[in-house]
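A.B. asks: Below are the structure tokens for one structure; questions will follow.
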Amino acid sequence: MAHRSLGHRAPLLWLVLPYAGGLALGRVTHGIAVWPALIGAGVAAALALVLADRRQSIWAMALVTALGLAGAASYTLHRARLPAWDHLPPREARLGLRVERAFTAGFEHRVTGLATIIRTDAHLRELLGQPLYFSLHREPGHPMPLRSAEIDATGVLELLPEHPPDNTFAGYLAATGMNFTLTRGNLQAETRPPSRFRQFCARTREQFSRTLGFGVVAKRPDLTGVLRAMLLGQKDELSDAQDSLFMQSGTMHLFAISGLHIGVIAVGLQALFSLLRCPRLLRLVLGVILLWLYVAITGGTPSAVRAFTMVALFQTSQQWKVPGNPLAALAASALVVLLLEPLQLFSASFQLSYGIVAALLLLGLPLGETWLARWPAFAHLPKVTWHWWHHWIDAVWRAGLGVFAIGLASILFSLIAGVEYFGLFTPGALLANLVLIPLAMIVILAGMGSLLCGMAGFTLGTLLCNHAAILILWFIDQGIRFFVVLPGVYHAASFKAPWIGPVALTLLLGSLLWGYANRWRGHLVSWWPPFILVALALIFGVNFR
């Protein structure tokens with residue numbers, strides 16, 4: 001049987017994989033000499049161009065070498081960490097900062113976020129342009145700084161460890177290129193207000209938050225907070241108990257604006273434009289613009305930007321009849337992101353986003369099609385003799401097998417990543433996600449309907465959509481509360497050595513690419529290497545607590 005999900009070409013993987021390998025090499029070696037690496041990359045690239053039509057094996061080696069050296073040099077340049085800084089003690093400093101992202105700290109008079117240093121005293125000039133994390137006290141009269149605002153701040157400037165553990169907050173900061181933190185200080189003044197676009201995004205986000213609470217926030221403030229977290233990424237709306245529930249059930253990803261949210265909203269917008277009889281090109285342009293506005297309004301998190309890039313590339317290829325497929329769009333999106341922000345490769349968000357989607361495309365879809373071919377419903381009954389209930393059962397059977405295969409592929413990657421980044425082994429996440437992801441998609445569509453009705457002034461539609469979303473969220477909440485108390489759903493866990501998790505994830509991705517490239521040919525055992533790899537990593541590499 002010919003599988004529709006197999007045979008997709010993604011030539012950009014020849015660029016993405018060696019470039020990512022070079023970034024990893026740069027991190028492992030703590031940075032390399034930049035100019036020798038760039039010269040070597042240029043020589044190898046020239047050799048690859050000369051041999052492009054001749055010796056393919058040497059051409060491939062030259063291309064991989066060029067991209068690998070370029071990746072290693074890129075890591076060193078973007079990490080931008082001087083050896084002399086390792087001896088700097090914590091010190092009080094007054095800095096001018098340009099805010100890149102602002103977080104909700106959970107305290108009324110505290111502001112936290114990521115920023116770039118734009119002004120310093122004379123003895124700290126070498127820090128200009130450096131990104132840092134700040135956590136500052138804010139006086140009641142000072143506005144909450146938004147993205148692109150410039151502020152003056154004083155506090156304790158402290159150097160982050162060069163390679164902190166990945167599953168810590170310091171590890172998250174290092175993965176985003178941070179070298180310093182500014183804490184235990186004060187926000188002195190806002191020297192330049194945010195751009196008009198950022199002010200518009202902030203006002204619109206507040207309006208969206210009010211719209212999602214219309215008619216329901218007084219009755220169920222807890223579930224309204226969940227709805228706002230799911231649609232707007234406002235995870236501060238979740239209580240500590242809700243945080244624990246979603247983390248233990250392996251469903252916390254539902255509250256990060258990522259591929260699920262962007263994909264569902266993109267499909268919803270295209271369906272709406274189709275009903276309005278919009279031309280194909282207009283649908284593409286409006287869909288991309290509205291998706292980007294949604295990403296910007298919800299904070300422009302890296303996971304949302306990555307998902308937007310992949311969806312926009314895929315939709316554009318379909319519009320212009322360019323040979324495209326989800327795997328090629330995934331590779332193109334990863335390449336764009338890594339060229340712009342190479343250090344995202346080492347973040348949990350990047351690895352979970354691309355790793356899970358890659359597992360779905362490389363393993364989940366082909367496995368589901370294989371199961372359907374092997375175990376069709378009513379195989380010995382001619383289709384022309386089917387009654388209506390035969391077609392219903394067949395549709396449910398096909399959907400069930402497909403969803404189970406996709407869920408199995410996603411949990412395969414999540415089991416390793418969950419231990420690596422969250423210290424949790426969540427075998428129950430497969431069952432939880434099989435049920436909750438379809439329900440979450442309905443909630444996202446209901447929330448999208450609420451926002452559209454709110455912008456159109458259709459208050460009855462907003463009220464109906466909000467109540468529908470809250471009703472489904474009540475079922476989700478009750479289901480998770482029952483689910484997490486079952487024995488064996490989750491365990492605290494950690495790898496026995498720091499290198500085991502990254503190596504296991506790399507080998508798993510390699511086995512998925514190898515199996516897909518060979519069309520998963522052979523007997524049924526050909527599907528087993530990724531599962532065996534994950535089982536070995538969990539059995540021999542993990543300490544369960």
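By convention in this document, the chains of the structure tokens carry letters A, B, ... by their order, each chain's residues are numbered from 1, and ligands are numbered from 1 in the order they are shown.
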Contacts of Ala189 of chain A at 7 Å or less, counting only C-alpha atoms, minus same-chain residues fewer than 2 places along, as a list of chain:residue names?
C.D. replies: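 The neighbour list is A:Ile151, A:Asp152, A:Leu187, A:Thr191.
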A.B. asks: Would you save the residues of that selection, restricted to C-alpha atoms, as a PDB file, in the first residue's frame?
C.D. replies:
ATOM      1  CA  ILE A 151      14.198  51.695  31.401  1.00  0.00           C
ATOM      2  CA  ASP A 152      16.855  52.722  33.910  1.00  0.00           C
ATOM      3  CA  LEU A 187      13.170  50.096  38.359  1.00  0.00           C
ATOM      4  CA  THR A 191      13.225  56.590  29.745  1.00  0.00           C
TER       5      THR A 191
END
A.B. asks: Looking only at strand (DSSP E) from DSSP on the backbone, list the matching residues of segment 77-259 of chain A as a ChimeraX atom specification.
C.D. replies: /A:91-104,110-119,131-137,150-159,180-192
A.B. asks: I'd like the neighbourhood of Glu341 of chain A as a count of residues only, where a residue qualifies if any of its atoms comes within 10 Å (using only C-alpha atoms), though same-chain residues fewer than 4 positions away should be ignored.
C.D. replies: 10
A.B. asks: Please indicate the distance in Å from atom CA of Pro530 of chain A to atom CA of Leu512 of chain A, rounded to one decimal place.
C.D. replies: 6.7 Å
A.B. asks: Show me, as a list in words, the residues that have an atom within 7 Å of Gly541 of chain A when counting only C-alpha atoms, minus same-chain residues fewer than 6 positions from it.
C.D. replies: Phe495, Lys496 and Ile500 of chain A
